[in-house]
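Following: one structure in structure tokens, then a few remarks.
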Amino acid sequence: MAVKKIGELLVESGLLTEGQLEEALNEGRVKKGLRLGAIIVSKGFASEIDIAQTLSFQLKIPFVDISAATVDPEAVKLVQERLARRYLLVPLYLDRKVLKVAMTDPLNLNAIDDLRFSTGLEIQPCVATLSDVTTAIGRYYHLNEPIEELMVDLKKDKLVEVIREPDANRDIAEQVKKSSAPPIIKMVDSIIIHGVDSRASDIHIEPHDKGVRLRLRVDGLMREVMQLPKWVQGPVSSRIKIMAKMDIAERRVSQDGRVRVRLGEKDIDIRVSTLPTQYGETVVMRLLDPKASLNDLDHIGLLQDEYDGIIDMISRPQGVVLVTGPTGSGKTSTLYAMIGHIKKEAINIITIEDPVEYELKDVNQVAVNEKTGLTFSYTLRSVLRQDPDVILVGEMRDSETAIIAHQASMTGHLVFSTLHTNDAISSITRLKNIGIPSYMIGSALNGIVAQRLVRTICLNCKEEYTTGHDELNKAGVKWPPGKKLYRGAGCGGCGGTGYSGRTGIYEVFRVNTKIRGLISADAPESEIRNAAKEAGMVPIHVDGMKKVAGGVTTLEELTRVIYLSREEDVNREGVCPSCLKPFPHGSGACPHCGQVFSNKCHSCGKSRMPEWIACPFCTSRFVDKNGY
């Protein structure tokens with residue numbers, strides 16, 4: 001049985017008359033190179049969409065709207081551009097061993113045979129319009145071609161064409177259709193799986209003018225993973241928004257959503273945030289494992305004195321314990337570790353969080369919801385009627401919440417919370433600025449923990465090296481050049497960074513009777529800081545240098561996380577490279593072990609010998625191990 005031609009099918013369907021077909025065929029004989037469909041459209045006998053849909057109905061071959069369909073780049077790679085342009089076809093996607101292809105002429109058996117031979121796959125044709133196919137060929141085979149090369153030369157009298165926004169309802173339907181296509185679902189799944197496998201805390205999908213950048217935040221720093229083609233921007237963001245039950249029609253304002261997914265036996269809670277930017281919506285996904293095994297106080301990087309200080313704070317039956325630091329410094333994890341340490345069946349613990357990040361067994365956790373009026377202050381009042389022994393308030397954001405929390409601590413409750421300040425002592429000023437009276441702070445406060453997170457050296461590529469003068473001077477460390485420290489050389493396990501995992505550096509400020517009096521009397525920060533040092537508080541930079549000297553992290557990482565201005569540097573303490581104890585600024589030797597770490601006089605700057613007890617040039621006395 002002979003295969004009918006396109007013209008015959010169009011006449012049989014009633015779309016064309018015999019005369020119109022003959023006229024189109026005659027013009028095709030004169031103007032060689034023009035296809036029959038293009039001639040029919042140019043003469044106004046029928047439109048492209050009418051021809052394509054008629055062929056689809058007559059041949060019982062599916063019609064595809066390429067502008068609304070999802071084209072898999074991997075499928076495009078299977079077909080050479082030469083074949084695509086010769087036969088006017090576009091590969092759509094691969095379904096097992098069958099390649100779905102959009103064609104203007106699905107009756108062209110030579111095209112199907114050539115595709116079957118070149119790809120080694122079975123070919124399933126679909127019908128598409130000529131303009132859609134030619135546009136798709138230029139789009140998917142030239143993703144990186146400059147737009148200037150694709151434009152036709154214009155006349156001298158140029159006009160500005162106003163681009164009309166597409167119909168909203170049709171656009172939404174197209175986005176839903178694209179985002180539901182198997183390649184897009186697979187792409188989004190792969191992005192999430194790669195983020196989880198890379199230990200990423202956040203996944204960033206950032207659109208640009210000619211592509212979409214995919215980045216991960218691993219151990220606190222961003223890593224670029226790949227550049228995605230521009231065409232995936234809409235379908236990928238729509239797929240993520242559908243997963244998170246967000247409004248895919250709204251792209252002009254930021255949105256927040258959440259979704260829980262399962263990867264094998266692990267459940268991952270994903271917080272999704274979108275933000276409209278110049279080139280489209282930026283999507284950020286925060287990955288949280290609700291049932292992750294939380295660290296206890298023994299494994300968060302505390303030194304013994306700091307550990308003892310925190311245990312003293314949280315073992316009291318009442319009072320306020322604050323954890324302070326910038327966003328992403330591990331405050332919530334430290335609070336959870338404190339809760340885990342004191343948790344027992346005999347006490348009732350309730351947390352108020354925004355949002356609940358991790359599940360705590362045997363703890364009542366409440367998520368605030370500002371939209372419904374479930375604010376921190378409102379929820380805290382309700383919690384106080386639930387007979388709690390311990391209350392965790394996610395953050396003291398306003399005066400009302402802070403005052404209620406301090407009043408609760410004075411009536412027999414132990415309250416944990418966080419603040420955003422640079423160090424422990426400045427948190428007192430912050431509480432005063434919020435509106436808490438000084439007497440209330442002094443009587444309620446048990447202590448404050450300031451912290452940062454530093455990356456730890458990768459154990460697989462850890463190596464010893466000798467420090468130089470420039471490195472020590474940049475870090476502001478009073479150690480002799482030539483000291484042996486450690487760093488990561490970079491390997492496959494750490495992604496070439498030399499770091500793997502993070503640990504905390506801390507400043508533990510315990511409130512004693514003297515400090516309570518200073519706080520209640522509105523004493524300046526400098527007096528409170530001196531009293532805290534006398535009580536044993538170790539500044540956070542000293543704790544960091546101890547971890548550098550111990551081979552836990554590097555000087556470069558410490559200076560990245562902690563910044564001290566020159567004014568602060570004048571009065572700050574150093575740490576002895578031998579006994580790792582702090583020493584006063586200007587000391588030429590450690591007052592604890594006698595280690596000489598400066599070969600110059602701290603007064604006149606001239607060279608000195610280790611055995612000298614005084615400078616022969618300016619008569620200044622050096623500090624020895626006995627403190628003289």
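The chains in the structure tokens are called A, B, ... from first to last as shown; in each chain the residues are counted from 1, and the ligands are counted from 1 in the order shown.
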Can I get the residues of stretch 375-480 of chain A within 12 Å of stretch 501-523 of chain A, each with the closest pair of atoms and their distance in Å to one decimal, using only C-alpha atoms, sorted chain first then ascending number, as a Markdown table?
```
| residue | atom | partner | partner_atom | distance |
| --- | --- | --- | --- | --- |
| A:Asn422 | CA | A:Glu507 | CA | 10.6 |
| A:Asp423 | CA | A:Glu507 | CA | 7.5 |
| A:Ala424 | CA | A:Phe509 | CA | 6.4 |
| A:Ile425 | CA | A:Phe509 | CA | 7.6 |
| A:Ser426 | CA | A:Phe509 | CA | 11.1 |
| A:Ser427 | CA | A:Phe509 | CA | 10.5 |
| A:Ile428 | CA | A:Ile519 | CA | 7.9 |
| A:Thr429 | CA | A:Asp522 | CA | 9.4 |
| A:Leu431 | CA | A:Ile519 | CA | 11.1 |
| A:Lys432 | CA | A:Asp522 | CA | 9.4 |
| A:Ile436 | CA | A:Ser520 | CA | 11.2 |
| A:Pro437 | CA | A:Ser520 | CA | 8.4 |
| A:Ser438 | CA | A:Ser520 | CA | 4.9 |
| A:Tyr439 | CA | A:Ser520 | CA | 4.5 |
| A:Met440 | CA | A:Ser520 | CA | 7.7 |
| A:Ile441 | CA | A:Ile519 | CA | 7.2 |
| A:Gly442 | CA | A:Arg516 | CA | 4.6 |
| A:Ser443 | CA | A:Arg516 | CA | 6.6 |
| A:Ala444 | CA | A:Arg516 | CA | 9.1 |
| A:Leu445 | CA | A:Val511 | CA | 6.9 |
| A:Asn446 | CA | A:Val511 | CA | 5.6 |
| A:Gly447 | CA | A:Arg510 | CA | 4.5 |
| A:Ile448 | CA | A:Phe509 | CA | 5.1 |
| A:Val449 | CA | A:Val508 | CA | 4.7 |
| A:Ala450 | CA | A:Glu507 | CA | 5.0 |
| A:Gln451 | CA | A:Tyr506 | CA | 4.5 |
| A:Arg452 | CA | A:Ile505 | CA | 5.5 |
| A:Leu453 | CA | A:Gly504 | CA | 4.5 |
| A:Val454 | CA | A:Arg502 | CA | 5.4 |
| A:Arg455 | CA | A:Arg502 | CA | 4.2 |
| A:Thr456 | CA | A:Arg502 | CA | 5.1 |
| A:Ile457 | CA | A:Gly501 | CA | 7.9 |
| A:Cys458 | CA | A:Gly501 | CA | 7.8 |
| A:Leu459 | CA | A:Gly501 | CA | 10.2 |
```
Need to verify the contact set: A:Tyr140, 9 Å, only C-alpha atoms, exclusion of same-chain residues closer than 5 positions in sequence. Can you return it as a CSV table (one decimal) with C-alpha atoms, in the first residue's frame?
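Saved file around00.csv follows:
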```
chain,number,residue,atom,x,y,z
A,71,VAL,CA,13.2,19.4,25.2
A,73,PRO,CA,19.4,18.5,26.0
A,76,VAL,CA,19.3,16.9,21.3
A,90,VAL,CA,13.7,18.3,16.8
A,135,THR,CA,12.8,28.2,16.1
A,231,TRP,CA,15.7,27.3,28.9
```
(request) May I ask which of the residues A:Ile49, A:Met226, A:Gly14, A:Asp209 is the closest one to A:Ile191, counting only C-alpha atoms? (result) A:Met226
Identify, on the basis of only C-alpha atoms, every residue whose closest approach to A:Asp298 does not exceed 12 Å; exclude the query and any residue fewer than 2 positions from it along the same chain; express the result as a PDB file with N, CA, C and O atoms, in the first residue's frame.
```pdb
ATOM      1  N   LEU A 294      21.920  14.997  66.628  1.00  0.00           N
ATOM      2  CA  LEU A 294      22.490  16.273  67.056  1.00  0.00           C
ATOM      3  C   LEU A 294      23.712  16.041  67.937  1.00  0.00           C
ATOM      4  O   LEU A 294      23.785  15.071  68.700  1.00  0.00           O
ATOM      5  N   ASN A 295      24.667  16.964  67.823  1.00  0.00           N
ATOM      6  CA  ASN A 295      25.868  16.871  68.648  1.00  0.00           C
ATOM      7  C   ASN A 295      25.525  17.165  70.104  1.00  0.00           C
ATOM      8  O   ASN A 295      24.624  17.947  70.403  1.00  0.00           O
ATOM      9  N   ASP A 296      26.270  16.545  71.013  1.00  0.00           N
ATOM     10  CA  ASP A 296      26.129  16.914  72.413  1.00  0.00           C
ATOM     11  C   ASP A 296      27.254  17.878  72.771  1.00  0.00           C
ATOM     12  O   ASP A 296      28.124  18.182  71.948  1.00  0.00           O
ATOM     13  N   ILE A 300      31.177  19.608  70.272  1.00  0.00           N
ATOM     14  CA  ILE A 300      30.965  20.839  69.493  1.00  0.00           C
ATOM     15  C   ILE A 300      32.189  21.742  69.533  1.00  0.00           C
ATOM     16  O   ILE A 300      32.121  22.890  69.077  1.00  0.00           O
ATOM     17  N   GLY A 301      33.318  21.239  70.049  1.00  0.00           N
ATOM     18  CA  GLY A 301      34.565  22.004  70.018  1.00  0.00           C
ATOM     19  C   GLY A 301      34.874  22.794  71.269  1.00  0.00           C
ATOM     20  O   GLY A 301      35.716  23.697  71.229  1.00  0.00           O
ATOM     21  N   LEU A 302      34.229  22.479  72.390  1.00  0.00           N
ATOM     22  CA  LEU A 302      34.492  23.210  73.632  1.00  0.00           C
ATOM     23  C   LEU A 302      35.755  22.698  74.311  1.00  0.00           C
ATOM     24  O   LEU A 302      35.965  21.483  74.412  1.00  0.00           O
ATOM     25  N   LEU A 303      36.590  23.631  74.769  1.00  0.00           N
ATOM     26  CA  LEU A 303      37.714  23.250  75.630  1.00  0.00           C
ATOM     27  C   LEU A 303      37.191  23.022  77.049  1.00  0.00           C
ATOM     28  O   LEU A 303      36.066  23.391  77.376  1.00  0.00           O
ATOM     29  N   GLN A 304      38.009  22.440  77.892  1.00  0.00           N
ATOM     30  CA  GLN A 304      37.529  21.995  79.192  1.00  0.00           C
ATOM     31  C   GLN A 304      36.966  23.134  80.043  1.00  0.00           C
ATOM     32  O   GLN A 304      35.897  23.012  80.638  1.00  0.00           O
ATOM     33  N   GLU A 306      35.760  25.994  79.068  1.00  0.00           N
ATOM     34  CA  GLU A 306      34.515  26.477  78.468  1.00  0.00           C
ATOM     35  C   GLU A 306      33.376  25.497  78.737  1.00  0.00           C
ATOM     36  O   GLU A 306      32.245  25.906  79.033  1.00  0.00           O
ATOM     37  N   TYR A 307      33.681  24.220  78.638  1.00  0.00           N
ATOM     38  CA  TYR A 307      32.675  23.186  78.905  1.00  0.00           C
ATOM     39  C   TYR A 307      32.164  23.297  80.349  1.00  0.00           C
ATOM     40  O   TYR A 307      30.956  23.267  80.600  1.00  0.00           O
ATOM     41  N   ASP A 308      33.089  23.446  81.282  1.00  0.00           N
ATOM     42  CA  ASP A 308      32.702  23.566  82.696  1.00  0.00           C
ATOM     43  C   ASP A 308      31.848  24.807  82.929  1.00  0.00           C
ATOM     44  O   ASP A 308      30.886  24.784  83.723  1.00  0.00           O
ATOM     45  N   ILE A 310      29.820  26.344  80.755  1.00  0.00           N
ATOM     46  CA  ILE A 310      28.473  26.154  80.202  1.00  0.00           C
ATOM     47  C   ILE A 310      27.663  25.219  81.096  1.00  0.00           C
ATOM     48  O   ILE A 310      26.467  25.458  81.342  1.00  0.00           O
ATOM     49  N   ILE A 311      28.284  24.162  81.578  1.00  0.00           N
ATOM     50  CA  ILE A 311      27.579  23.238  82.473  1.00  0.00           C
ATOM     51  C   ILE A 311      27.090  23.984  83.713  1.00  0.00           C
ATOM     52  O   ILE A 311      25.963  23.769  84.205  1.00  0.00           O
ATOM     53  N   THR A 334      23.977  24.699  69.217  1.00  0.00           N
ATOM     54  CA  THR A 334      24.495  24.778  70.586  1.00  0.00           C
ATOM     55  C   THR A 334      23.352  24.747  71.592  1.00  0.00           C
ATOM     56  O   THR A 334      23.436  24.073  72.632  1.00  0.00           O
ATOM     57  N   ALA A 337      22.158  21.287  71.898  1.00  0.00           N
ATOM     58  CA  ALA A 337      23.096  20.484  72.684  1.00  0.00           C
ATOM     59  C   ALA A 337      22.900  20.734  74.178  1.00  0.00           C
ATOM     60  O   ALA A 337      22.979  19.802  74.990  1.00  0.00           O
ATOM     61  N   MET A 338      22.641  22.000  74.547  1.00  0.00           N
ATOM     62  CA  MET A 338      22.374  22.319  75.956  1.00  0.00           C
ATOM     63  C   MET A 338      21.089  21.637  76.428  1.00  0.00           C
ATOM     64  O   MET A 338      21.053  21.052  77.518  1.00  0.00           O
ATOM     65  N   GLY A 340      19.730  18.982  75.165  1.00  0.00           N
ATOM     66  CA  GLY A 340      19.987  17.546  75.241  1.00  0.00           C
ATOM     67  C   GLY A 340      20.719  17.142  76.494  1.00  0.00           C
ATOM     68  O   GLY A 340      20.531  16.026  77.010  1.00  0.00           O
ATOM     69  N   HIS A 341      21.568  18.037  77.021  1.00  0.00           N
ATOM     70  CA  HIS A 341      22.342  17.704  78.224  1.00  0.00           C
ATOM     71  C   HIS A 341      21.471  17.702  79.483  1.00  0.00           C
ATOM     72  O   HIS A 341      21.655  16.864  80.374  1.00  0.00           O
ATOM     73  N   THR A 503      33.871  23.213  63.190  1.00  0.00           N
ATOM     74  CA  THR A 503      33.821  23.160  64.648  1.00  0.00           C
ATOM     75  C   THR A 503      33.631  24.577  65.165  1.00  0.00           C
ATOM     76  O   THR A 503      33.759  25.552  64.410  1.00  0.00           O
ATOM     77  N   GLY A 504      33.330  24.698  66.438  1.00  0.00           N
ATOM     78  CA  GLY A 504      33.054  26.009  66.999  1.00  0.00           C
ATOM     79  C   GLY A 504      34.248  26.598  67.736  1.00  0.00           C
ATOM     80  O   GLY A 504      35.109  25.881  68.256  1.00  0.00           O
TER      81      GLY A 504
END
```
(request) Using DSSP on the backbone coordinates, identify the residues of stretch 483-576 of chain A assigned to helix (DSSP H, G or I); present them as an MDAnalysis selection string. (result) chainID A and resid 513:520 525:534 540:549 555:561 566:571
For the residues selected in the previous step, produce a file with C-alpha atoms as a compact mmCIF listing (two decimals), in the first residue's frame.
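See out.txt below for the written result:
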```
# COMPACT_ATOMS: atom_id res chain seq x y z
CA THR A 513 28.15 38.40 92.00
CA LYS A 514 30.58 41.16 91.05
CA ILE A 515 29.46 41.20 87.43
CA ARG A 516 25.78 41.27 88.47
CA GLY A 517 26.50 44.43 90.44
CA LEU A 518 28.29 46.04 87.49
CA ILE A 519 25.43 45.23 85.11
CA SER A 520 22.79 46.54 87.51
CA GLU A 525 31.43 47.44 78.74
CA SER A 526 35.16 47.81 79.42
CA GLU A 527 34.67 47.34 83.18
CA ILE A 528 32.42 44.33 82.69
CA ARG A 529 34.93 42.82 80.23
CA ASN A 530 37.83 43.24 82.67
CA ALA A 531 35.76 41.65 85.43
CA ALA A 532 34.88 38.75 83.12
CA LYS A 533 38.56 38.17 82.28
CA GLU A 534 39.39 38.17 85.96
CA ILE A 540 36.98 34.19 71.35
CA HIS A 541 40.11 34.96 69.29
CA VAL A 542 42.29 33.29 71.94
CA ASP A 543 40.12 30.18 71.79
CA GLY A 544 40.51 30.26 68.00
CA MET A 545 44.30 30.51 68.21
CA LYS A 546 44.35 27.57 70.57
CA LYS A 547 42.58 25.51 67.94
CA VAL A 548 45.04 26.76 65.31
CA ALA A 549 48.00 25.75 67.47
CA LEU A 555 45.26 30.80 60.64
CA GLU A 556 43.72 31.72 57.29
CA GLU A 557 40.36 30.26 58.34
CA LEU A 558 40.48 32.01 61.72
CA THR A 559 41.14 35.42 60.16
CA ARG A 560 38.30 34.79 57.70
CA VAL A 561 35.81 34.27 60.53
CA ARG A 566 43.80 47.86 64.88
CA GLU A 567 42.24 49.67 67.82
CA GLU A 568 41.14 46.36 69.30
CA ASP A 569 44.50 44.81 68.48
CA VAL A 570 46.32 47.24 70.76
CA ASN A 571 44.64 45.87 73.88
```
Residues near A:Asp95, cut-off 10 Å, only C-alpha atoms, skip fewer than 3 positions along chain, as an mmCIF file with all heavy atoms, in the first residue's frame:
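result.cif, freshly written:
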```cif
data_model
loop_
_atom_site.group_PDB
_atom_site.id
_atom_site.type_symbol
_atom_site.label_atom_id
_atom_site.label_comp_id
_atom_site.auth_asym_id
_atom_site.auth_seq_id
_atom_site.Cartn_x
_atom_site.Cartn_y
_atom_site.Cartn_z
ATOM 1 N N ALA A 75 18.722 14.452 24.693
ATOM 2 C CA ALA A 75 18.122 13.940 23.461
ATOM 3 C C ALA A 75 18.625 14.716 22.253
ATOM 4 O O ALA A 75 18.861 14.141 21.180
ATOM 5 C CB ALA A 75 16.605 14.017 23.551
ATOM 6 N N LEU A 92 12.851 15.376 21.116
ATOM 7 C CA LEU A 92 12.186 15.862 22.323
ATOM 8 C C LEU A 92 12.753 15.218 23.579
ATOM 9 O O LEU A 92 13.313 15.890 24.432
ATOM 10 C CB LEU A 92 10.675 15.608 22.229
ATOM 11 C CG LEU A 92 9.958 16.339 21.092
ATOM 12 C CD1 LEU A 92 8.497 15.926 21.041
ATOM 13 C CD2 LEU A 92 10.086 17.844 21.262
ATOM 14 N N VAL A 98 13.199 4.435 22.938
ATOM 15 C CA VAL A 98 12.398 5.136 21.928
ATOM 16 C C VAL A 98 12.685 6.629 22.008
ATOM 17 O O VAL A 98 12.565 7.240 23.081
ATOM 18 C CB VAL A 98 10.888 4.876 22.128
ATOM 19 C CG1 VAL A 98 10.079 5.631 21.083
ATOM 20 C CG2 VAL A 98 10.595 3.381 22.056
ATOM 21 N N LEU A 99 13.071 7.221 20.872
ATOM 22 C CA LEU A 99 13.352 8.650 20.795
ATOM 23 C C LEU A 99 12.139 9.362 20.208
ATOM 24 O O LEU A 99 11.726 9.088 19.078
ATOM 25 C CB LEU A 99 14.593 8.905 19.929
ATOM 26 C CG LEU A 99 15.021 10.356 19.778
ATOM 27 C CD1 LEU A 99 15.447 10.927 21.129
ATOM 28 C CD2 LEU A 99 16.149 10.488 18.757
ATOM 29 N N LYS A 100 11.543 10.261 21.002
ATOM 30 C CA LYS A 100 10.398 11.049 20.536
ATOM 31 C C LYS A 100 10.931 12.253 19.748
ATOM 32 O O LYS A 100 11.786 13.000 20.237
ATOM 33 C CB LYS A 100 9.554 11.535 21.714
ATOM 34 C CG LYS A 100 9.045 10.427 22.628
ATOM 35 C CD LYS A 100 8.024 9.558 21.940
ATOM 36 C CE LYS A 100 7.514 8.454 22.866
ATOM 37 N NZ LYS A 100 6.664 8.963 23.941
ATOM 38 N N GLU A 122 14.687 3.329 18.340
ATOM 39 C CA GLU A 122 13.410 3.386 17.652
ATOM 40 C C GLU A 122 12.923 4.844 17.641
ATOM 41 O O GLU A 122 13.121 5.570 18.619
ATOM 42 C CB GLU A 122 12.384 2.491 18.340
ATOM 43 C CG GLU A 122 12.640 1.005 18.154
ATOM 44 C CD GLU A 122 12.589 0.602 16.689
ATOM 45 O OE1 GLU A 122 11.660 1.067 15.977
ATOM 46 O OE2 GLU A 122 13.479 -0.145 16.251
ATOM 47 N N GLN A 124 9.834 7.591 17.301
ATOM 48 C CA GLN A 124 8.396 7.837 17.369
ATOM 49 C C GLN A 124 8.150 9.291 16.972
ATOM 50 O O GLN A 124 8.454 10.210 17.736
ATOM 51 C CB GLN A 124 7.848 7.576 18.763
ATOM 52 C CG GLN A 124 6.345 7.818 18.870
ATOM 53 C CD GLN A 124 5.795 7.491 20.244
ATOM 54 O OE1 GLN A 124 6.335 6.643 20.941
ATOM 55 N NE2 GLN A 124 4.722 8.170 20.632
ATOM 56 N N PRO A 182 9.140 14.638 32.523
ATOM 57 C CA PRO A 182 10.112 13.754 33.186
ATOM 58 C C PRO A 182 11.537 14.318 33.247
ATOM 59 O O PRO A 182 12.193 14.193 34.288
ATOM 60 C CB PRO A 182 10.034 12.473 32.350
ATOM 61 C CG PRO A 182 8.651 12.481 31.794
ATOM 62 C CD PRO A 182 8.330 13.913 31.524
#
```
(message) Between A:Ala111, A:Cys491, A:Tyr378, A:Met537, which residue has the minimum interatomic distance to A:Asp305, considering only C-alpha atoms?
(response)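 Selected residue with least distance to A:Asp305: A:Met537.
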Residues within 7 Å of A:Val390, please, as a PDB file with N, CA, C and O atoms, in the first residue's frame. Count only C-alpha atoms; anything in the same chain fewer than 3 positions from it doesn't count.
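The result, stored in selection-v2.pdb:
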```
ATOM      1  N   ASN A 348       9.821  19.518  82.291  1.00  0.00           N
ATOM      2  CA  ASN A 348       9.021  19.804  81.098  1.00  0.00           C
ATOM      3  C   ASN A 348       9.730  20.882  80.285  1.00  0.00           C
ATOM      4  O   ASN A 348       9.929  22.001  80.763  1.00  0.00           O
ATOM      5  N   ILE A 349      10.105  20.543  79.054  1.00  0.00           N
ATOM      6  CA  ILE A 349      10.835  21.469  78.184  1.00  0.00           C
ATOM      7  C   ILE A 349       9.953  21.830  76.999  1.00  0.00           C
ATOM      8  O   ILE A 349       9.396  20.949  76.337  1.00  0.00           O
ATOM      9  N   ILE A 350       9.810  23.122  76.727  1.00  0.00           N
ATOM     10  CA  ILE A 350       9.039  23.612  75.584  1.00  0.00           C
ATOM     11  C   ILE A 350       9.901  24.588  74.787  1.00  0.00           C
ATOM     12  O   ILE A 350      10.544  25.471  75.371  1.00  0.00           O
ATOM     13  N   HIS A 413      11.912  29.822  86.061  1.00  0.00           N
ATOM     14  CA  HIS A 413      12.107  29.079  84.823  1.00  0.00           C
ATOM     15  C   HIS A 413      13.538  29.268  84.308  1.00  0.00           C
ATOM     16  O   HIS A 413      14.135  30.333  84.503  1.00  0.00           O
ATOM     17  N   LEU A 414      14.046  28.248  83.640  1.00  0.00           N
ATOM     18  CA  LEU A 414      15.338  28.350  82.951  1.00  0.00           C
ATOM     19  C   LEU A 414      15.044  28.650  81.490  1.00  0.00           C
ATOM     20  O   LEU A 414      14.357  27.891  80.810  1.00  0.00           O
ATOM     21  N   VAL A 415      15.556  29.779  81.000  1.00  0.00           N
ATOM     22  CA  VAL A 415      15.229  30.267  79.651  1.00  0.00           C
ATOM     23  C   VAL A 415      16.487  30.288  78.795  1.00  0.00           C
ATOM     24  O   VAL A 415      17.517  30.843  79.202  1.00  0.00           O
TER      25      VAL A 415
END
```
(request) Can you pull out every residue within 9 Å of A:Ala24, counting only C-alpha atoms, but drop anything in the same chain fewer than 4 positions away, and send it as a ChimeraX atom specification? (result) /A:19-20,28-29,36-37,39-40,43
(message) Neighbouring residues of A:Asp354 were defined as those with any atom within 9 Å, considering only C-alpha atoms; residues of the same chain fewer than 5 positions away were excluded. Please report them as a ChimeraX atom specification.
(response) /A:366-369,376,394-395
Grab the residues selected above and save them as a tab-separated table (two decimals), in the first residue's frame with C-alpha atoms.
```
chain	number	residue	atom	x	y	z
A	366	VAL	CA	6.17	25.07	68.79
A	367	ALA	CA	6.65	26.83	65.43
A	368	VAL	CA	5.67	30.50	65.42
A	369	ASN	CA	3.49	31.81	62.59
A	376	PHE	CA	7.11	34.88	69.86
A	394	GLY	CA	14.37	30.96	69.23
A	395	GLU	CA	15.36	34.63	69.24
```
(message) Give me, as JSON, numbers by chain, the residues of stretch 448-581 of chain A that a backbone DSSP run labels strand (DSSP E).
(response) {"A": [448, 449, 450, 451, 452, 453, 454, 455, 456, 457, 462, 463, 464, 465, 466, 484, 485, 486, 487, 488, 499, 500, 501, 502, 503, 504, 505, 506, 507, 508, 509, 510, 574, 575]}
(message) Just checking: using only C-alpha atoms, which residue out of A:Val188, A:Ala38, A:Val64, A:Ile268 ends up closest to A:Val232?
(response) A:Val188
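For the pair atom CA of A:Gly234 and atom CA of A:Ile203, the separation is 16.8 Å.
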(request) Quote the spacing between atom CA of A:Ser42 and atom CA of A:Leu16 in Å to one decimal place. (result) 13.8 Å
(request) Could you please determine the separation between atom CA of A:Thr327 and atom CA of A:Val272 in Å, to one decimal place? (result) 17.5 Å
